[in-house]
>>> print(open('run.txt').read())   # compact mmCIF, C-alpha atoms and all ligand atoms
# COMPACT_ATOMS: atom_id res chain seq x y z
CA MET I 1 0.00 0.00 0.00
CA THR I 2 1.16 3.55 -0.71
CA ARG I 3 -1.55 5.59 0.96
CA PHE I 4 0.95 8.40 1.72
CA ALA I 5 2.99 8.65 -1.50
CA GLY I 6 4.60 12.11 -1.53
CA SER I 7 2.91 13.20 1.74
CA SER I 8 4.98 15.17 4.22
CA VAL I 9 4.48 13.65 7.69
CA ILE I 10 5.86 14.76 11.08
CA ILE I 11 5.91 12.28 13.98
CA THR I 12 6.95 13.45 17.45
CA GLY I 13 8.47 11.00 19.90
CA ALA I 14 9.61 8.99 16.88
CA ALA I 15 12.94 7.86 18.36
CA SER I 16 11.30 5.00 20.25
CA GLY I 17 8.30 2.75 20.74
CA ILE I 18 5.00 3.63 19.06
CA GLY I 19 6.34 6.75 17.33
CA ARG I 20 9.27 4.86 15.81
CA GLU I 21 7.05 2.07 14.45
CA THR I 22 4.58 4.64 13.10
CA ALA I 23 7.42 6.51 11.33
CA LEU I 24 8.66 3.27 9.73
CA ARG I 25 5.15 2.43 8.48
CA PHE I 26 4.46 5.93 7.08
CA ALA I 27 7.77 5.73 5.20
CA ARG I 28 6.96 2.26 3.83
CA GLU I 29 3.75 3.74 2.43
CA GLY I 30 5.61 6.46 0.58
CA ALA I 31 5.62 9.34 3.06
CA LEU I 32 8.39 11.92 3.35
CA VAL I 33 8.97 11.62 7.09
CA THR I 34 10.24 14.07 9.70
CA VAL I 35 11.38 12.08 12.74
CA ALA I 36 11.07 14.50 15.67
CA ASP I 37 12.36 13.72 19.14
CA ARG I 38 14.52 15.34 21.77
CA ASP I 39 16.64 12.13 21.76
CA GLU I 40 18.97 12.95 18.87
CA ALA I 41 20.69 9.53 18.68
CA GLY I 42 17.35 7.75 18.77
CA ALA I 43 15.88 10.01 16.08
CA ARG I 44 18.89 9.37 13.84
CA GLY I 45 18.46 5.64 14.46
CA THR I 46 14.88 5.81 13.16
CA VAL I 47 15.99 7.87 10.14
CA ASP I 48 18.74 5.32 9.37
CA ALA I 49 16.23 2.46 9.60
CA ILE I 50 13.92 4.25 7.14
CA THR I 51 16.58 5.26 4.62
CA GLY I 52 18.18 1.79 4.88
CA ASP I 53 14.80 0.43 3.84
CA GLY I 54 14.71 2.77 0.79
CA GLY I 55 12.44 5.36 2.40
CA THR I 56 12.79 9.12 2.85
CA ALA I 57 13.31 10.66 6.28
CA ARG I 58 15.06 13.45 8.13
CA ALA I 59 15.62 14.02 11.84
CA SER I 60 14.40 17.04 13.79
CA VAL I 61 15.86 17.37 17.28
CA THR I 62 12.90 18.88 19.06
CA ASP I 63 11.71 19.29 22.63
CA VAL I 64 7.95 19.53 22.10
CA ALA I 65 7.58 21.64 25.24
CA GLU I 66 9.64 24.46 23.66
CA ARG I 67 7.67 26.70 21.31
CA THR I 68 10.70 27.82 19.27
CA GLU I 69 11.76 24.21 18.73
CA VAL I 70 8.27 23.11 17.68
CA ARG I 71 8.00 26.01 15.25
CA ALA I 72 11.41 25.06 13.82
CA MET I 73 10.27 21.42 13.54
CA VAL I 74 7.25 22.44 11.43
CA GLU I 75 9.14 24.99 9.33
CA GLY I 76 11.95 22.48 8.76
CA ALA I 77 9.52 19.90 7.40
CA VAL I 78 7.89 22.46 5.10
CA ALA I 79 11.30 23.70 3.89
CA ALA I 80 12.57 20.16 3.23
CA TYR I 81 9.49 18.64 1.62
CA GLY I 82 7.60 21.71 0.38
CA ARG I 83 4.42 21.00 2.35
CA LEU I 84 2.92 19.44 5.47
CA ASP I 85 0.11 16.89 5.21
CA VAL I 86 0.12 14.92 8.48
CA LEU I 87 1.16 15.67 12.06
CA HIS I 88 1.27 12.84 14.60
CA ASN I 89 1.65 14.38 18.09
CA ASN I 90 2.94 11.38 20.03
CA ALA I 91 5.77 12.47 22.40
CA TYR I 92 5.05 12.37 26.11
CA TRP I 93 6.65 12.56 29.50
CA ALA I 94 5.15 11.60 32.88
CA PRO I 95 6.29 10.11 36.19
CA LEU I 96 5.00 6.60 36.89
CA ASN I 97 3.44 5.59 40.22
CA ARG I 98 2.31 9.03 41.43
CA ALA I 99 -1.06 9.66 43.01
CA VAL I 100 -1.93 13.36 43.34
CA ALA I 101 -0.50 13.91 46.83
CA ASP I 102 2.79 12.26 45.80
CA THR I 103 3.18 14.31 42.60
CA SER I 104 5.59 17.25 42.90
CA GLU I 105 4.64 20.52 41.25
CA GLU I 106 7.70 20.15 39.00
CA GLU I 107 6.50 16.70 37.85
CA TRP I 108 3.00 18.08 37.25
CA SER I 109 4.31 21.04 35.26
CA ARG I 110 6.68 18.99 33.11
CA THR I 111 3.95 16.41 32.40
CA ILE I 112 1.54 19.11 31.24
CA ALA I 113 4.30 20.93 29.31
CA VAL I 114 5.39 17.88 27.29
CA THR I 115 2.25 15.76 27.11
CA LEU I 116 -0.41 18.46 26.64
CA THR I 117 1.27 21.75 25.70
CA GLY I 118 3.49 19.84 23.25
CA VAL I 119 0.35 18.74 21.38
CA PHE I 120 -1.05 22.30 21.45
CA LEU I 121 2.19 23.74 20.05
CA GLY I 122 2.36 21.12 17.30
CA CYS I 123 -1.21 21.95 16.22
CA LYS I 124 -0.66 25.69 16.55
CA PHE I 125 2.32 25.80 14.22
CA ALA I 126 1.24 23.05 11.80
CA ILE I 127 -2.33 24.20 11.11
CA PRO I 128 -1.52 27.39 9.14
CA HIS I 129 0.75 25.40 6.79
CA MET I 130 -1.88 22.67 6.38
CA VAL I 131 -4.62 25.20 5.65
CA ALA I 132 -2.36 26.98 3.14
CA GLY I 133 -1.68 23.62 1.46
CA GLY I 134 -5.37 22.76 1.13
CA GLY I 135 -5.82 20.66 4.29
CA GLY I 136 -4.26 17.95 6.38
CA ALA I 137 -4.71 15.36 9.13
CA ILE I 138 -3.61 15.50 12.76
CA VAL I 139 -3.48 12.37 14.90
CA ASN I 140 -2.77 12.84 18.61
CA THR I 141 -1.74 10.02 20.92
CA ALA I 142 -4.06 10.05 23.95
CA SER I 143 -4.37 7.05 26.31
CA THR I 144 -7.04 4.91 27.92
CA ALA I 145 -5.84 6.69 31.09
CA ALA I 146 -7.78 9.71 29.76
CA LEU I 147 -11.03 7.70 29.66
CA ALA I 148 -10.91 5.52 32.80
CA ALA I 149 -8.90 5.71 36.01
CA THR I 150 -5.46 4.09 36.12
CA PRO I 151 -3.75 3.70 39.51
CA ALA I 152 -1.27 6.43 40.52
CA PHE I 153 -0.96 8.13 37.13
CA ALA I 154 -2.73 11.42 37.94
CA ALA I 155 -0.74 14.05 36.01
CA TYR I 156 -0.53 11.80 32.96
CA ALA I 157 -4.29 11.10 33.02
CA ALA I 158 -5.04 14.83 33.30
CA ALA I 159 -2.71 15.70 30.42
CA LYS I 160 -4.18 12.96 28.20
CA GLY I 161 -7.72 14.10 29.11
CA GLY I 162 -6.64 17.49 27.81
CA VAL I 163 -5.40 15.88 24.61
CA VAL I 164 -8.84 14.30 24.03
CA ALA I 165 -10.58 17.67 24.53
CA LEU I 166 -8.03 19.55 22.41
CA THR I 167 -8.53 17.01 19.63
CA ARG I 168 -12.24 17.87 19.54
CA SER I 169 -11.54 21.62 19.59
CA VAL I 170 -9.12 21.43 16.66
CA ALA I 171 -11.57 19.27 14.70
CA PHE I 172 -14.39 21.74 15.39
CA ASP I 173 -12.47 24.93 14.62
CA TYR I 174 -10.65 23.77 11.48
CA GLY I 175 -12.85 21.07 9.94
CA ARG I 176 -14.28 23.45 7.36
CA ARG I 177 -10.76 24.47 6.39
CA GLY I 178 -9.81 20.93 5.41
CA ILE I 179 -8.25 19.67 8.64
CA ARG I 180 -9.31 16.45 10.34
CA CYS I 181 -8.06 15.87 13.88
CA ASN I 182 -8.46 12.56 15.69
CA ALA I 183 -6.78 10.79 18.59
CA VAL I 184 -5.78 7.24 19.27
CA ALA I 185 -6.05 5.94 22.86
CA PRO I 186 -3.73 2.98 23.38
CA GLY I 187 -4.11 0.55 26.24
CA LEU I 188 -1.07 -1.38 27.47
CA VAL I 189 1.57 -1.55 24.73
CA ARG I 190 5.02 -3.07 25.12
CA THR I 191 7.57 -0.28 24.49
CA PRO I 192 10.70 0.95 26.31
CA ALA I 193 8.37 3.25 28.31
CA THR I 194 6.36 0.35 29.72
CA GLU I 195 9.20 -2.06 30.56
CA PRO I 196 8.92 -1.09 34.27
CA VAL I 197 5.17 -1.83 34.13
CA PHE I 198 5.82 -5.31 32.74
CA ARG I 199 8.10 -5.91 35.77
CA ASP I 200 5.43 -4.71 38.28
CA PRO I 201 3.13 -7.67 39.09
CA GLU I 202 0.41 -5.61 40.82
CA ARG I 203 0.13 -3.09 37.99
CA MET I 204 0.29 -5.88 35.40
CA ARG I 205 -2.60 -7.68 37.11
CA PHE I 206 -4.70 -4.48 36.96
CA LEU I 207 -3.85 -3.87 33.31
CA THR I 208 -4.09 -7.42 31.96
CA GLU I 209 -6.92 -9.15 33.87
CA LYS I 210 -9.50 -7.66 31.49
CA LEU I 211 -7.53 -7.98 28.26
CA LEU I 212 -10.09 -9.65 26.00
CA VAL I 213 -7.60 -10.50 23.24
CA GLY I 214 -5.28 -12.31 25.64
CA ARG I 215 -2.15 -10.25 25.02
CA ALA I 216 -0.67 -6.80 25.54
CA GLY I 217 -0.41 -4.48 22.55
CA GLU I 218 2.57 -4.10 20.24
CA PRO I 219 3.62 -0.74 18.70
CA GLY I 220 2.32 -1.95 15.32
CA ASP I 221 -1.21 -2.29 16.76
CA ILE I 222 -1.23 1.46 17.43
CA ALA I 223 0.70 2.47 14.30
CA ALA I 224 -1.93 0.73 12.15
CA ALA I 225 -4.67 2.85 13.76
CA VAL I 226 -2.63 6.06 13.38
CA LEU I 227 -2.08 5.45 9.66
CA PHE I 228 -5.77 4.72 9.17
CA LEU I 229 -6.82 7.93 10.96
CA ALA I 230 -4.29 9.94 8.93
CA SER I 231 -5.40 8.42 5.61
CA ALA I 232 -8.19 9.32 3.20
CA GLU I 233 -9.97 6.12 4.32
CA ALA I 234 -10.85 7.99 7.53
CA GLY I 235 -12.11 11.00 5.56
CA PHE I 236 -15.50 10.98 7.34
CA MET I 237 -13.95 10.83 10.86
CA THR I 238 -12.93 13.85 12.87
CA GLY I 239 -12.82 14.82 16.54
CA GLN I 240 -12.82 11.18 17.61
CA THR I 241 -10.71 9.23 20.07
CA MET I 242 -10.19 5.67 18.85
CA VAL I 243 -9.54 3.19 21.67
CA VAL I 244 -7.01 0.47 20.78
CA ASP I 245 -6.67 -1.53 24.00
CA GLY I 246 -7.41 -5.21 23.46
CA GLY I 247 -10.92 -4.66 24.83
CA ARG I 248 -9.87 -3.80 28.38
CA LEU I 249 -12.04 -0.69 28.81
CA ILE I 250 -15.28 -2.38 27.73
CA ALA I 251 -14.67 -5.51 29.83
N1 LIG P 301 3.14 2.17 25.76
C1 LIG P 301 1.93 2.21 26.25
O1 LIG P 301 1.45 1.29 26.91
C2 LIG P 301 1.08 3.43 26.02
C3 LIG P 301 -0.25 3.42 26.47
C4 LIG P 301 -1.05 4.53 26.26
C5 LIG P 301 -0.54 5.64 25.62
N2 LIG P 301 0.77 5.62 25.20
C6 LIG P 301 1.26 6.82 24.54
O2 LIG P 301 1.96 6.46 23.38
C7 LIG P 301 2.92 7.47 23.08
C8 LIG P 301 4.27 6.82 22.83
O3 LIG P 301 4.66 6.12 24.00
P1 LIG P 301 5.72 4.93 23.95
O4 LIG P 301 5.21 3.88 24.85
O5 LIG P 301 6.05 4.61 22.56
O6 LIG P 301 6.96 5.63 24.72
P2 LIG P 301 8.55 5.66 24.42
O7 LIG P 301 9.18 6.09 25.70
O8 LIG P 301 9.00 4.40 23.77
O9 LIG P 301 8.66 6.86 23.36
C9 LIG P 301 8.42 8.19 23.76
C10 LIG P 301 9.33 9.10 22.98
O10 LIG P 301 9.04 10.46 23.33
C11 LIG P 301 10.26 11.16 23.39
N3 LIG P 301 10.12 12.37 24.21
C12 LIG P 301 10.00 12.47 25.56
N4 LIG P 301 9.94 13.76 25.92
C13 LIG P 301 10.02 14.49 24.77
C14 LIG P 301 10.03 15.89 24.50
N5 LIG P 301 9.92 16.79 25.49
N6 LIG P 301 10.12 16.29 23.22
C15 LIG P 301 10.24 15.38 22.20
N7 LIG P 301 10.27 14.05 22.41
C16 LIG P 301 10.15 13.62 23.69
C17 LIG P 301 11.23 10.18 24.00
O11 LIG P 301 12.59 10.56 23.74
C18 LIG P 301 10.83 8.89 23.29
O12 LIG P 301 11.56 8.70 22.10
C19 LIG P 301 2.89 8.44 24.27
O13 LIG P 301 2.06 9.55 23.94
C20 LIG P 301 2.25 7.63 25.36
O14 LIG P 301 1.60 8.41 26.34
C21 LIG P 301 1.59 4.56 25.40
>>> encode(input="run.txt", output="structure tokens")
Amino acid sequence: MTRFAGSSVIITGAASGIGRETALRFAREGALVTVADRDEAGARGTVDAITGDGGTARASVTDVAERTEVRAMVEGAVAAYGRLDVLHNNAYWAPLNRAVADTSEEEWSRTIAVTLTGVFLGCKFAIPHMVAGGGGAIVNTASTAALAATPAFAAYAAAKGGVVALTRSVAFDYGRRGIRCNAVAPGLVRTPATEPVFRDPERMRFLTEKLLVGRAGEPGDIAAAVLFLASAEAGFMTGQTMVVDGGRLIA
């Protein structure tokens, strides 16, 4: 399939995990990929994997919490590829195992800055280029933690709840100017970020006892949903949060 032939696509948090797999899949389907991450070595690793596979990619060393860096990320993609068609806001940061009273104000602020403000900044700087180019698609990574309580993950849940609401606002305000904005809400997915969770029996019991498909997610499970939401096949969907969680939330 080449659903994204010639499309310019930015993926944040693309040095690792879900973002990396999503970047590889966009490239395999013909996209001109900007691999954005604050981890420079990791971003270059993703770029090397894509170009080694015959795809087209460039790295953008970006801290999504910094407005000047996010603006440079967007302008760099437009300068390199002449346009911007898809933005996948996927980078996050949050402390694990923190109920509200145990969360420091610094942890709260950094979680909101990266996980929520980073999505806002990506949309803010990408939208004018997308509108000028005739439209585009934004896919934000939310989480099932935004839709149902997860133990001791308060700042993260609040930031992801904001991502779900922001997704609707962007869809509402820019739909008539050719922009669709949707979110994907992963359940438990095995990535470098969740390795500590897989080693925590109590948390694993909470997260897996209601897994209807009998396994945790893999990055490809989420990447497949992201590519669908970004593609013309999802042309009648906007403002939605698509849950991809092995059935845990409905169980
Ligand atoms: N893995 C899961 O179980 C799961 C579940 C629900 C939601 N998610 C969401 O999926 C997305 C990807 O998570 P993952 O599991 O692949 O994590 P990961 O740790 O493998 O990847 C996250 C990437 O974000 C980058 N990053 C962190 N702070 C950044 C910043 N300030 N600026 C730019 N990049 C930054 C990291 O360097 C890393 O490459 C996140 O939005 C996460 O909340 C993951």
>>> closest_atom_pairs(input="run.txt", of="range 78-128 of chain I", to="range 171-185 of chain I", cutoff="10 Å", atoms="only C-alpha atoms", output="tab-separated table")
residue	atom	partner	partner_atom	distance
I:Asp85	CA	I:Ile179	CA	9.5
I:Val86	CA	I:Ile179	CA	9.6
I:Leu87	CA	I:Cys181	CA	9.4
I:His88	CA	I:Ala183	CA	9.2
I:Asn89	CA	I:Ala183	CA	9.2
I:Asn90	CA	I:Val184	CA	9.7
I:Cys123	CA	I:Cys181	CA	9.5
I:Ile127	CA	I:Ile179	CA	7.9
>>> residues_around(input="run.txt", residues="range 193-208 of chain I", least_positions_apart="4", cutoff="9 Å", atoms="all atoms listed in the file", output="PDB file with C-alpha atoms, keeping the file's coordinate frame")
ATOM      1  CA  SER I  16      11.300   5.000  20.250  1.00  0.00           C
ATOM      2  CA  GLY I  17       8.300   2.750  20.740  1.00  0.00           C
ATOM      3  CA  LEU I  96       5.000   6.600  36.890  1.00  0.00           C
ATOM      4  CA  THR I 150      -5.460   4.090  36.120  1.00  0.00           C
ATOM      5  CA  PRO I 151      -3.750   3.700  39.510  1.00  0.00           C
ATOM      6  CA  GLY I 187      -4.110   0.550  26.240  1.00  0.00           C
ATOM      7  CA  LEU I 188      -1.070  -1.380  27.470  1.00  0.00           C
ATOM      8  CA  VAL I 189       1.570  -1.550  24.730  1.00  0.00           C
ATOM      9  CA  LEU I 212     -10.090  -9.650  26.000  1.00  0.00           C
ATOM     10  CA  GLY I 214      -5.280 -12.310  25.640  1.00  0.00           C
ATOM     11  CA  ARG I 215      -2.150 -10.250  25.020  1.00  0.00           C
ATOM     12  CA  ALA I 216      -0.670  -6.800  25.540  1.00  0.00           C
ATOM     13  CA  ARG I 248      -9.870  -3.800  28.380  1.00  0.00           C
TER      14      ARG I 248
END
>>> axis_aligned_box(input="run.txt", around="ligand LIG 301 (chain P)", padding_each_side="4 Å", output="JSON")
{"center_x": 5.8, "center_y": 9.0, "center_z": 24.5, "size_x": 21.6, "size_y": 23.5, "size_z": 12.8}
>>> residues_around(input="run.txt", residues="Ala224 in chain I", least_positions_apart="4", cutoff="8 Å", atoms="all atoms listed in the file", output="list of chain:residue names")
I:Thr22, I:Gly220, I:Phe228
>>> write_last_selection(input="run.txt", atoms="C-alpha atoms", output="PDB file, keeping the file's coordinate frame")
ATOM      1  CA  THR I  22       4.580   4.640  13.100  1.00  0.00           C
ATOM      2  CA  GLY I 220       2.320  -1.950  15.320  1.00  0.00           C
ATOM      3  CA  PHE I 228      -5.770   4.720   9.170  1.00  0.00           C
TER       4      PHE I 228
END
>>> residues_near_point(input="run.txt", point="(12.3, 10.5, 13.9)", cutoff="10 Å", atoms="all atoms listed in the file", output="PDB file with C-alpha atoms, in the coordinates of the input")
ATOM      1  CA  ILE I  10       5.860  14.760  11.080  1.00  0.00           C
ATOM      2  CA  ILE I  11       5.910  12.280  13.980  1.00  0.00           C
ATOM      3  CA  THR I  12       6.950  13.450  17.450  1.00  0.00           C
ATOM      4  CA  GLY I  13       8.470  11.000  19.900  1.00  0.00           C
ATOM      5  CA  ALA I  14       9.610   8.990  16.880  1.00  0.00           C
ATOM      6  CA  ALA I  15      12.940   7.860  18.360  1.00  0.00           C
ATOM      7  CA  SER I  16      11.300   5.000  20.250  1.00  0.00           C
ATOM      8  CA  GLY I  19       6.340   6.750  17.330  1.00  0.00           C
ATOM      9  CA  ARG I  20       9.270   4.860  15.810  1.00  0.00           C
ATOM     10  CA  GLU I  21       7.050   2.070  14.450  1.00  0.00           C
ATOM     11  CA  THR I  22       4.580   4.640  13.100  1.00  0.00           C
ATOM     12  CA  ALA I  23       7.420   6.510  11.330  1.00  0.00           C
ATOM     13  CA  LEU I  24       8.660   3.270   9.730  1.00  0.00           C
ATOM     14  CA  VAL I  33       8.970  11.620   7.090  1.00  0.00           C
ATOM     15  CA  THR I  34      10.240  14.070   9.700  1.00  0.00           C
ATOM     16  CA  VAL I  35      11.380  12.080  12.740  1.00  0.00           C
ATOM     17  CA  ALA I  36      11.070  14.500  15.670  1.00  0.00           C
ATOM     18  CA  ASP I  37      12.360  13.720  19.140  1.00  0.00           C
ATOM     19  CA  ARG I  38      14.520  15.340  21.770  1.00  0.00           C
ATOM     20  CA  ASP I  39      16.640  12.130  21.760  1.00  0.00           C
ATOM     21  CA  GLU I  40      18.970  12.950  18.870  1.00  0.00           C
ATOM     22  CA  ALA I  41      20.690   9.530  18.680  1.00  0.00           C
ATOM     23  CA  GLY I  42      17.350   7.750  18.770  1.00  0.00           C
ATOM     24  CA  ALA I  43      15.880  10.010  16.080  1.00  0.00           C
ATOM     25  CA  ARG I  44      18.890   9.370  13.840  1.00  0.00           C
ATOM     26  CA  GLY I  45      18.460   5.640  14.460  1.00  0.00           C
ATOM     27  CA  THR I  46      14.880   5.810  13.160  1.00  0.00           C
ATOM     28  CA  VAL I  47      15.990   7.870  10.140  1.00  0.00           C
ATOM     29  CA  ASP I  48      18.740   5.320   9.370  1.00  0.00           C
ATOM     30  CA  ALA I  49      16.230   2.460   9.600  1.00  0.00           C
ATOM     31  CA  ILE I  50      13.920   4.250   7.140  1.00  0.00           C
ATOM     32  CA  ALA I  57      13.310  10.660   6.280  1.00  0.00           C
ATOM     33  CA  ARG I  58      15.060  13.450   8.130  1.00  0.00           C
ATOM     34  CA  ALA I  59      15.620  14.020  11.840  1.00  0.00           C
ATOM     35  CA  SER I  60      14.400  17.040  13.790  1.00  0.00           C
ATOM     36  CA  VAL I  61      15.860  17.370  17.280  1.00  0.00           C
ATOM     37  CA  THR I  62      12.900  18.880  19.060  1.00  0.00           C
TER      38      THR I  62
END
>>> residues_around(input="run.txt", residues="Leu121 in chain I", least_positions_apart="5", cutoff="9 Å", atoms="all atoms listed in the file", output="count of residues only")
8
>>> atom_distance(input="run.txt", atom1="CA of Ala145 in chain I", atom2="CA of Thr115 in chain I")
12.8 Å
